[in-house]
Every structure is written in structure tokens, then in C-alpha cells.
>>> print(open('coords19.txt').read())   # compact mmCIF, N, CA and C atoms
# COMPACT_ATOMS: atom_id res chain seq x y z
N MET A 1 0.84 -1.18 0.00
CA MET A 1 0.00 0.00 0.00
C MET A 1 0.89 1.24 0.00
N PRO A 2 0.58 2.21 -0.85
CA PRO A 2 1.41 3.41 -0.93
C PRO A 2 1.29 4.25 0.33
N PRO A 3 2.34 5.03 0.62
CA PRO A 3 2.25 5.91 1.78
C PRO A 3 1.17 6.96 1.54
N LYS A 4 0.55 7.44 2.61
CA LYS A 4 -0.50 8.45 2.49
C LYS A 4 0.15 9.81 2.24
N HIS A 5 -0.35 10.49 1.22
CA HIS A 5 0.14 11.82 0.89
C HIS A 5 -0.99 12.79 1.10
N LYS A 6 -0.62 14.05 1.22
CA LYS A 6 -1.64 15.08 1.19
C LYS A 6 -2.33 14.99 -0.15
N ASP A 7 -3.54 15.32 -0.21
CA ASP A 7 -4.29 15.22 -1.46
C ASP A 7 -3.99 16.45 -2.32
N THR A 8 -2.80 16.47 -2.90
CA THR A 8 -2.42 17.56 -3.79
C THR A 8 -2.41 17.06 -5.21
N LYS A 9 -2.50 17.99 -6.15
CA LYS A 9 -2.49 17.61 -7.56
C LYS A 9 -1.19 16.92 -7.93
N LEU A 10 -0.07 17.42 -7.41
CA LEU A 10 1.23 16.83 -7.72
C LEU A 10 1.30 15.38 -7.28
N HIS A 11 0.93 15.12 -6.04
CA HIS A 11 1.00 13.75 -5.55
C HIS A 11 -0.01 12.85 -6.26
N GLN A 12 -1.20 13.40 -6.52
CA GLN A 12 -2.22 12.61 -7.20
C GLN A 12 -1.77 12.22 -8.60
N ARG A 13 -1.16 13.19 -9.34
CA ARG A 13 -0.67 12.91 -10.68
C ARG A 13 0.46 11.89 -10.63
N ALA A 14 1.34 12.01 -9.65
CA ALA A 14 2.45 11.06 -9.52
C ALA A 14 1.93 9.65 -9.24
N ILE A 15 0.93 9.55 -8.40
CA ILE A 15 0.37 8.23 -8.08
C ILE A 15 -0.30 7.63 -9.31
N GLU A 16 -1.07 8.46 -10.05
CA GLU A 16 -1.73 7.96 -11.26
C GLU A 16 -0.72 7.51 -12.31
N ASN A 17 0.38 8.27 -12.46
CA ASN A 17 1.39 7.93 -13.46
C ASN A 17 2.16 6.66 -13.10
N ASN A 18 2.20 6.30 -11.84
CA ASN A 18 2.97 5.15 -11.40
C ASN A 18 2.09 4.03 -10.85
N ARG A 19 0.84 3.98 -11.24
CA ARG A 19 -0.09 2.99 -10.71
C ARG A 19 0.39 1.56 -10.94
N ASP A 20 1.05 1.32 -12.06
CA ASP A 20 1.48 -0.04 -12.38
C ASP A 20 2.87 -0.36 -11.84
N ASN A 21 3.51 0.58 -11.23
CA ASN A 21 4.88 0.36 -10.72
C ASN A 21 4.84 0.08 -9.22
N ASP A 22 5.94 -0.45 -8.72
CA ASP A 22 6.03 -0.74 -7.28
C ASP A 22 6.66 0.41 -6.49
N PHE A 23 6.92 1.51 -7.14
CA PHE A 23 7.56 2.61 -6.42
C PHE A 23 6.70 3.86 -6.54
N TYR A 24 6.92 4.77 -5.62
CA TYR A 24 6.19 6.03 -5.61
C TYR A 24 7.21 7.14 -5.50
N PRO A 25 7.01 8.22 -6.22
CA PRO A 25 7.98 9.31 -6.19
C PRO A 25 8.04 9.96 -4.82
N ILE A 26 9.24 10.29 -4.41
CA ILE A 26 9.45 10.96 -3.14
C ILE A 26 10.21 12.24 -3.45
N PRO A 27 9.70 13.38 -3.05
CA PRO A 27 10.45 14.61 -3.32
C PRO A 27 11.76 14.60 -2.52
N ILE A 28 12.86 14.95 -3.19
CA ILE A 28 14.17 14.97 -2.55
C ILE A 28 14.74 16.37 -2.66
N ILE A 29 15.19 16.87 -1.57
CA ILE A 29 15.85 18.17 -1.56
C ILE A 29 17.34 17.91 -1.47
N PHE A 30 18.10 18.45 -2.43
CA PHE A 30 19.54 18.26 -2.47
C PHE A 30 20.20 19.55 -2.04
N ILE A 31 21.03 19.47 -1.05
CA ILE A 31 21.75 20.63 -0.56
C ILE A 31 23.23 20.41 -0.81
N SER A 32 23.84 21.33 -1.51
CA SER A 32 25.25 21.22 -1.84
C SER A 32 26.01 22.37 -1.20
N THR A 33 27.20 22.08 -0.73
CA THR A 33 28.04 23.14 -0.20
C THR A 33 29.28 23.25 -1.07
N ILE A 34 29.74 24.44 -1.23
CA ILE A 34 30.96 24.69 -2.00
C ILE A 34 32.11 24.71 -1.02
N HIS A 35 33.26 24.21 -1.46
CA HIS A 35 34.43 24.07 -0.59
C HIS A 35 34.75 25.36 0.16
N PHE A 36 34.77 26.51 -0.53
CA PHE A 36 35.17 27.72 0.15
C PHE A 36 34.13 28.25 1.12
N ALA A 37 32.95 27.66 1.15
CA ALA A 37 31.94 28.10 2.10
C ALA A 37 32.41 27.89 3.54
N TYR A 38 33.30 26.94 3.75
CA TYR A 38 33.81 26.68 5.09
C TYR A 38 35.26 27.12 5.26
N SER A 39 35.79 27.85 4.30
CA SER A 39 37.16 28.32 4.42
C SER A 39 37.15 29.79 4.82
N ASP A 40 38.28 30.23 5.31
CA ASP A 40 38.41 31.62 5.74
C ASP A 40 39.22 32.40 4.73
N VAL A 41 38.97 33.71 4.71
CA VAL A 41 39.81 34.64 3.95
C VAL A 41 40.56 35.45 4.99
N ILE A 42 41.88 35.37 4.92
CA ILE A 42 42.75 36.09 5.84
C ILE A 42 43.33 37.26 5.09
N LEU A 43 43.17 38.46 5.64
CA LEU A 43 43.63 39.67 4.98
C LEU A 43 44.96 40.13 5.55
N VAL A 44 45.90 40.41 4.65
CA VAL A 44 47.21 40.95 5.04
C VAL A 44 47.29 42.35 4.44
N PRO A 45 47.57 43.38 5.20
CA PRO A 45 47.96 43.41 6.61
C PRO A 45 46.82 43.68 7.59
N GLU A 46 45.57 43.62 7.14
CA GLU A 46 44.46 43.95 8.04
C GLU A 46 44.34 42.96 9.20
N ASP A 47 44.37 41.66 8.92
CA ASP A 47 44.24 40.65 9.97
C ASP A 47 45.59 40.28 10.57
N TYR A 48 46.60 40.17 9.71
CA TYR A 48 47.96 39.83 10.15
C TYR A 48 48.93 40.76 9.43
N ALA A 49 49.95 41.20 10.13
CA ALA A 49 50.88 42.20 9.59
C ALA A 49 51.70 41.67 8.42
N THR A 50 52.02 40.38 8.42
CA THR A 50 52.86 39.83 7.37
C THR A 50 52.17 38.66 6.67
N ILE A 51 52.65 38.36 5.47
CA ILE A 51 52.13 37.22 4.73
C ILE A 51 52.43 35.93 5.50
N SER A 52 53.64 35.85 6.06
CA SER A 52 54.03 34.66 6.82
C SER A 52 53.11 34.40 7.99
N GLU A 53 52.72 35.46 8.71
CA GLU A 53 51.79 35.31 9.83
C GLU A 53 50.42 34.85 9.33
N GLY A 54 49.99 35.38 8.19
CA GLY A 54 48.72 34.96 7.60
C GLY A 54 48.74 33.49 7.22
N ILE A 55 49.86 33.06 6.62
CA ILE A 55 50.01 31.64 6.25
C ILE A 55 50.01 30.76 7.49
N GLU A 56 50.70 31.19 8.52
CA GLU A 56 50.77 30.40 9.75
C GLU A 56 49.38 30.24 10.37
N ALA A 57 48.55 31.28 10.28
CA ALA A 57 47.20 31.22 10.85
C ALA A 57 46.22 30.45 9.97
N ALA A 58 46.56 30.26 8.71
CA ALA A 58 45.64 29.64 7.75
C ALA A 58 45.55 28.13 7.95
N SER A 59 44.40 27.59 7.55
CA SER A 59 44.18 26.14 7.51
C SER A 59 43.97 25.74 6.06
N ASP A 60 44.04 24.45 5.78
CA ASP A 60 43.82 23.97 4.42
C ASP A 60 42.51 24.52 3.87
N GLY A 61 42.55 25.01 2.63
CA GLY A 61 41.38 25.56 1.98
C GLY A 61 41.22 27.06 2.14
N ASP A 62 41.97 27.67 3.06
CA ASP A 62 41.86 29.11 3.29
C ASP A 62 42.54 29.89 2.18
N THR A 63 42.22 31.19 2.12
CA THR A 63 42.85 32.12 1.19
C THR A 63 43.49 33.23 1.99
N VAL A 64 44.76 33.50 1.71
CA VAL A 64 45.47 34.63 2.29
C VAL A 64 45.49 35.70 1.21
N LEU A 65 44.73 36.75 1.43
CA LEU A 65 44.56 37.82 0.44
C LEU A 65 45.45 38.99 0.85
N VAL A 66 46.39 39.34 -0.04
CA VAL A 66 47.44 40.31 0.28
C VAL A 66 47.14 41.65 -0.39
N SER A 67 47.06 42.71 0.42
CA SER A 67 46.84 44.07 -0.10
C SER A 67 48.11 44.58 -0.76
N PRO A 68 47.98 45.59 -1.64
CA PRO A 68 49.16 46.15 -2.31
C PRO A 68 50.20 46.63 -1.31
N GLY A 69 51.44 46.47 -1.69
CA GLY A 69 52.56 46.89 -0.86
C GLY A 69 53.76 46.02 -1.13
N THR A 70 54.87 46.34 -0.48
CA THR A 70 56.08 45.55 -0.59
C THR A 70 56.26 44.80 0.72
N TYR A 71 56.40 43.50 0.63
CA TYR A 71 56.53 42.64 1.81
C TYR A 71 57.93 42.04 1.78
N ASN A 72 58.78 42.50 2.69
CA ASN A 72 60.17 42.05 2.76
C ASN A 72 60.26 40.83 3.65
N GLU A 73 59.95 39.70 3.06
CA GLU A 73 59.93 38.46 3.83
C GLU A 73 60.04 37.26 2.91
N ARG A 74 60.37 36.15 3.50
CA ARG A 74 60.40 34.89 2.79
C ARG A 74 59.10 34.16 3.08
N ILE A 75 58.51 33.58 2.04
CA ILE A 75 57.24 32.89 2.20
C ILE A 75 57.45 31.39 2.18
N GLU A 76 56.93 30.72 3.20
CA GLU A 76 56.93 29.26 3.28
C GLU A 76 55.48 28.83 3.44
N PHE A 77 55.02 27.91 2.59
CA PHE A 77 53.63 27.48 2.65
C PHE A 77 53.39 26.41 3.71
N MET A 78 54.44 25.89 4.29
CA MET A 78 54.36 24.95 5.41
C MET A 78 53.49 23.74 5.09
N GLY A 79 53.48 23.32 3.82
CA GLY A 79 52.74 22.14 3.42
C GLY A 79 51.23 22.30 3.42
N LYS A 80 50.75 23.53 3.55
CA LYS A 80 49.31 23.78 3.62
C LYS A 80 48.72 23.92 2.22
N ASP A 81 47.49 23.46 2.06
CA ASP A 81 46.75 23.58 0.81
C ASP A 81 45.94 24.87 0.88
N ILE A 82 46.62 26.00 0.62
CA ILE A 82 46.01 27.32 0.73
C ILE A 82 46.28 28.11 -0.54
N THR A 83 45.58 29.22 -0.68
CA THR A 83 45.80 30.15 -1.78
C THR A 83 46.35 31.43 -1.18
N VAL A 84 47.45 31.92 -1.73
CA VAL A 84 48.00 33.22 -1.37
C VAL A 84 47.95 34.06 -2.64
N ALA A 85 47.26 35.20 -2.58
CA ALA A 85 47.05 35.98 -3.79
C ALA A 85 46.92 37.47 -3.47
N SER A 86 47.15 38.28 -4.50
CA SER A 86 46.89 39.71 -4.39
C SER A 86 45.39 39.95 -4.53
N LEU A 87 44.99 41.20 -4.42
CA LEU A 87 43.58 41.54 -4.57
C LEU A 87 43.07 41.30 -5.98
N TYR A 88 43.97 41.02 -6.91
CA TYR A 88 43.56 40.67 -8.27
C TYR A 88 42.60 39.49 -8.26
N LEU A 89 42.80 38.57 -7.34
CA LEU A 89 41.94 37.39 -7.24
C LEU A 89 40.47 37.77 -7.10
N MET A 90 40.19 38.84 -6.37
CA MET A 90 38.81 39.24 -6.11
C MET A 90 38.29 40.29 -7.11
N THR A 91 39.19 41.14 -7.61
CA THR A 91 38.76 42.27 -8.43
C THR A 91 39.03 42.11 -9.92
N ARG A 92 39.98 41.25 -10.27
CA ARG A 92 40.46 41.07 -11.65
C ARG A 92 41.10 42.36 -12.19
N ASP A 93 41.52 43.25 -11.29
CA ASP A 93 42.22 44.47 -11.68
C ASP A 93 43.71 44.15 -11.75
N PRO A 94 44.31 44.14 -12.96
CA PRO A 94 45.71 43.73 -13.09
C PRO A 94 46.71 44.65 -12.41
N SER A 95 46.31 45.85 -12.05
CA SER A 95 47.25 46.75 -11.37
C SER A 95 47.68 46.19 -10.02
N TYR A 96 46.82 45.36 -9.40
CA TYR A 96 47.18 44.76 -8.10
C TYR A 96 48.35 43.80 -8.22
N ILE A 97 48.53 43.20 -9.38
CA ILE A 97 49.65 42.28 -9.56
C ILE A 97 50.97 43.03 -9.45
N LYS A 98 51.07 44.18 -10.10
CA LYS A 98 52.30 44.97 -10.07
C LYS A 98 52.51 45.66 -8.73
N GLU A 99 51.45 45.91 -8.00
CA GLU A 99 51.54 46.67 -6.75
C GLU A 99 51.73 45.80 -5.52
N THR A 100 51.70 44.48 -5.67
CA THR A 100 51.85 43.56 -4.54
C THR A 100 53.15 42.79 -4.74
N ILE A 101 54.15 43.13 -3.94
CA ILE A 101 55.51 42.62 -4.15
C ILE A 101 55.99 41.88 -2.91
N VAL A 102 56.50 40.68 -3.13
CA VAL A 102 57.19 39.94 -2.08
C VAL A 102 58.67 40.09 -2.38
N ASN A 103 59.38 40.72 -1.47
CA ASN A 103 60.77 41.08 -1.70
C ASN A 103 61.66 40.38 -0.69
N GLU A 104 62.12 39.21 -1.05
CA GLU A 104 63.04 38.47 -0.19
C GLU A 104 64.46 38.81 -0.63
N GLU A 105 65.22 39.43 0.24
CA GLU A 105 66.60 39.78 -0.10
C GLU A 105 67.52 38.65 0.27
N LYS A 106 68.48 38.40 -0.63
CA LYS A 106 69.48 37.35 -0.42
C LYS A 106 70.85 37.92 -0.72
N GLU A 107 71.86 37.30 -0.14
CA GLU A 107 73.22 37.75 -0.45
C GLU A 107 73.57 37.40 -1.89
N ALA A 108 74.48 38.16 -2.47
CA ALA A 108 74.85 37.97 -3.87
C ALA A 108 75.56 36.63 -4.05
N ARG A 109 75.04 35.79 -4.90
CA ARG A 109 75.63 34.52 -5.31
C ARG A 109 74.68 33.87 -6.30
N PHE A 110 74.99 32.68 -6.79
CA PHE A 110 74.16 31.96 -7.74
C PHE A 110 73.08 31.20 -6.98
N TYR A 111 71.84 31.31 -7.44
CA TYR A 111 70.72 30.60 -6.83
C TYR A 111 69.99 29.80 -7.89
N GLU A 112 69.53 28.65 -7.50
CA GLU A 112 68.71 27.83 -8.39
C GLU A 112 67.43 27.48 -7.63
N VAL A 113 66.32 27.63 -8.30
CA VAL A 113 65.03 27.37 -7.67
C VAL A 113 64.31 26.29 -8.45
N THR A 114 63.79 25.31 -7.75
CA THR A 114 62.95 24.29 -8.37
C THR A 114 61.51 24.61 -8.00
N PHE A 115 60.70 24.74 -9.02
CA PHE A 115 59.30 25.08 -8.81
C PHE A 115 58.45 23.87 -9.08
N ASP A 116 57.68 23.44 -8.09
CA ASP A 116 56.81 22.28 -8.22
C ASP A 116 55.37 22.77 -8.34
N ALA A 117 54.80 22.67 -9.53
CA ALA A 117 53.44 23.15 -9.77
C ALA A 117 52.41 22.04 -9.67
N SER A 118 52.79 20.89 -9.16
CA SER A 118 51.86 19.75 -9.13
C SER A 118 50.63 20.03 -8.27
N GLY A 119 50.74 20.90 -7.30
CA GLY A 119 49.60 21.20 -6.43
C GLY A 119 48.76 22.37 -6.90
N LEU A 120 49.15 22.98 -8.01
CA LEU A 120 48.41 24.14 -8.52
C LEU A 120 47.43 23.73 -9.61
N PRO A 121 46.30 24.41 -9.68
CA PRO A 121 45.37 24.12 -10.77
C PRO A 121 45.90 24.67 -12.09
N ALA A 122 45.40 24.15 -13.18
CA ALA A 122 45.78 24.66 -14.49
C ALA A 122 45.40 26.13 -14.59
N GLY A 123 46.23 26.89 -15.28
CA GLY A 123 45.93 28.32 -15.45
C GLY A 123 47.15 29.09 -15.86
N VAL A 124 46.98 30.38 -15.97
CA VAL A 124 48.08 31.28 -16.30
C VAL A 124 48.49 32.00 -15.03
N TYR A 125 49.76 31.95 -14.72
CA TYR A 125 50.31 32.60 -13.54
C TYR A 125 51.33 33.63 -13.99
N ILE A 126 51.45 34.70 -13.25
CA ILE A 126 52.44 35.74 -13.56
C ILE A 126 53.45 35.76 -12.43
N TYR A 127 54.73 35.72 -12.81
CA TYR A 127 55.78 35.81 -11.79
C TYR A 127 56.75 36.90 -12.19
N ARG A 128 57.46 37.40 -11.21
CA ARG A 128 58.42 38.50 -11.44
C ARG A 128 59.72 38.18 -10.74
N LEU A 129 60.81 38.33 -11.47
CA LEU A 129 62.14 38.16 -10.91
C LEU A 129 62.85 39.50 -10.93
N GLN A 130 63.54 39.80 -9.85
CA GLN A 130 64.28 41.05 -9.78
C GLN A 130 65.60 40.79 -9.08
N ALA A 131 66.67 41.26 -9.70
CA ALA A 131 68.00 41.17 -9.10
C ALA A 131 68.71 42.49 -9.39
N GLY A 132 68.86 43.32 -8.37
CA GLY A 132 69.45 44.64 -8.58
C GLY A 132 68.56 45.46 -9.49
N GLU A 133 69.14 45.93 -10.60
CA GLU A 133 68.39 46.72 -11.57
C GLU A 133 67.62 45.84 -12.56
N TYR A 134 67.93 44.57 -12.60
CA TYR A 134 67.28 43.65 -13.55
C TYR A 134 65.90 43.26 -13.03
N VAL A 135 64.89 43.49 -13.85
CA VAL A 135 63.52 43.13 -13.49
C VAL A 135 62.87 42.47 -14.70
N GLU A 136 62.24 41.33 -14.47
CA GLU A 136 61.56 40.64 -15.56
C GLU A 136 60.29 39.98 -15.03
N SER A 137 59.18 40.23 -15.72
CA SER A 137 57.92 39.58 -15.41
C SER A 137 57.58 38.65 -16.56
N LYS A 138 57.11 37.48 -16.22
CA LYS A 138 56.79 36.48 -17.25
C LYS A 138 55.48 35.79 -16.88
N LYS A 139 54.89 35.17 -17.89
CA LYS A 139 53.71 34.35 -17.68
C LYS A 139 54.13 32.88 -17.61
N LEU A 140 53.48 32.16 -16.75
CA LEU A 140 53.71 30.74 -16.61
C LEU A 140 52.39 30.02 -16.88
N LEU A 141 52.36 29.17 -17.88
CA LEU A 141 51.16 28.44 -18.24
C LEU A 141 51.27 27.03 -17.68
N ILE A 142 50.31 26.65 -16.85
CA ILE A 142 50.29 25.30 -16.28
C ILE A 142 49.12 24.56 -16.90
N LEU A 143 49.42 23.45 -17.54
CA LEU A 143 48.41 22.60 -18.16
C LEU A 143 48.33 21.28 -17.38
N LYS A 144 47.16 20.77 -17.20
CA LYS A 144 46.97 19.50 -16.49
C LYS A 144 46.35 18.49 -17.42
>>> encode(input="coords19.txt", output="C-alpha cells")
Amino acid sequence: MPPKHKDTKLHQRAIENNRDNDFYPIPIIFISTIHFAYSDVILVPEDYATISEGIEAASDGDTVLVSPGTYNERIEFMGKDITVASLYLMTRDPSYIKETIVNEEKEARFYEVTFDASGLPAGVYIYRLQAGEYVESKKLLILK
């Protein structure tokens, strides 16, 4: 025997359409959450004075959003699955890319850097290298 429904047109039509079947339609409400709904946005320097402090306070899935300025520090992601970005991420205003600088000073010598993009999503990234008077900005295309 089918479950008792309110006598509505919808339920009546569903019952009539499925009279020969052993099942009856049940309305289902699907609720979906997006990953960032439970993540935090940490603002530098509003919430934390430095990018490093923002990263230290962040948890996996968080975003550290950096306001324009020059940040004289070394950045370590500490194995966290986080996003660190300029305000370009929220506004799409490219001027924020040029105005948000991480300036780690090192003693003069030869340096080699290995960049592992395996944890980054596909996309176009912009990076800037500066050594003394030499400045170069380039695009990095990551394909997956």
C-alpha cells in the first residue's frame, strides 16, 4: 500500500502515473556546499601584519589575500593547501599584480630554484624576478 500523501495535484498525478509500478515518487531536496563556504579569507595586513603570519594562521582551503605593498619576507607554505594571492583574485584588476611585491633579499651569489606546480590548478600565472636593476615579469602556463 502506498504511503499516504496530502491530497495535492502533484502527488495525485504522480500516483496515477505510477499505478502499475512498485515505487512512488518521493520529493528529494539536495543541498550542496561549496568548498570555500567553510574556508576563511585572511587579509594581510588587516588581519595579520605579514604574509608569513597569515600563512601560519591559515588552515587547508583558506585564502590569504594580500593588499598592495612591498613585503620584505620569505614565504613558506608549510605544506598547507592554501591560496595566497593579491587583490587581483577578487577584483580582476591587473594593477594589483604589479603593486603587490614579495621582496626576499638574499646575499649575492648563484641561486637555483625548483618550482613544483603539481599542487596548482591549471591556469596562467604571472611571476616576477628582480635582481638589482634587472627586473623581468613572465607568464607561466600550467596545463593539467
>>> atom_distance(input="coords19.txt", atom1="atom CA of Leu120 of chain A", atom2="atom N of Glu46 of chain A")
25.2 Å
>>> atom_distance(input="coords19.txt", atom1="atom C of Gly79 of chain A", atom2="atom N of Ile101 of chain A")
22.3 Å
>>> atom_distance(input="coords19.txt", atom1="atom CA of Asn72 of chain A", atom2="atom CA of Asp116 of chain A")
22.9 Å
>>> closest_residue(input="coords19.txt", among="A:Thr63, A:Lys144, A:Ile82, A:Lys139", to="Ala122 of chain A", atoms="only N, CA and C atoms")
A:Lys144
>>> residues_around(input="coords19.txt", residues="Ile55 of chain A", least_positions_apart="4", cutoff="7 Å", atoms="all atoms listed in the file", output="PyMOL selection string")
chain A and resi 50-51+59+64+76-77
>>> residues_around(input="coords19.txt", residues="Gly132 of chain A", least_positions_apart="5", cutoff="12 Å", atoms="only C-alpha atoms", output="mmCIF file with N, CA and C atoms, in the frame of the given file")
data_model
loop_
_atom_site.group_PDB
_atom_site.id
_atom_site.type_symbol
_atom_site.label_atom_id
_atom_site.label_comp_id
_atom_site.auth_asym_id
_atom_site.auth_seq_id
_atom_site.Cartn_x
_atom_site.Cartn_y
_atom_site.Cartn_z
ATOM 1 N N ASN A 103 59.380 40.720 -1.470
ATOM 2 C CA ASN A 103 60.770 41.080 -1.700
ATOM 3 C C ASN A 103 61.660 40.380 -0.690
ATOM 4 N N GLU A 105 65.220 39.430 0.240
ATOM 5 C CA GLU A 105 66.600 39.780 -0.100
ATOM 6 C C GLU A 105 67.520 38.650 0.270
ATOM 7 N N LYS A 106 68.480 38.400 -0.630
ATOM 8 C CA LYS A 106 69.480 37.350 -0.420
ATOM 9 C C LYS A 106 70.850 37.920 -0.720
ATOM 10 N N GLU A 107 71.860 37.300 -0.140
ATOM 11 C CA GLU A 107 73.220 37.750 -0.450
ATOM 12 C C GLU A 107 73.570 37.400 -1.890
ATOM 13 N N ALA A 108 74.480 38.160 -2.470
ATOM 14 C CA ALA A 108 74.850 37.970 -3.870
ATOM 15 C C ALA A 108 75.560 36.630 -4.050
#
>>> select_by_dssp(input="coords19.txt", residues="segment 34-121 of chain A", states="strand (DSSP E)", output="list in words")
Val41, Ile42, Leu43, Val44, Thr63, Val64, Leu65, Val66, Gly69, Thr70, Tyr71, Thr83, Val84, Ala85, Ser86, Thr100, Ile101 and Val102 of chain A
>>> residues_around(input="coords19.txt", residues="Asp81 of chain A", least_positions_apart="4", cutoff="6.5 Å", atoms="all atoms listed in the file", output="PyMOL selection string")
chain A and resi 59-62
>>> closest_residue(input="coords19.txt", among="A:Leu141, A:Val84, A:Ile75, A:Ile97", to="Ala58 of chain A", atoms="only C-alpha atoms")
A:Val84
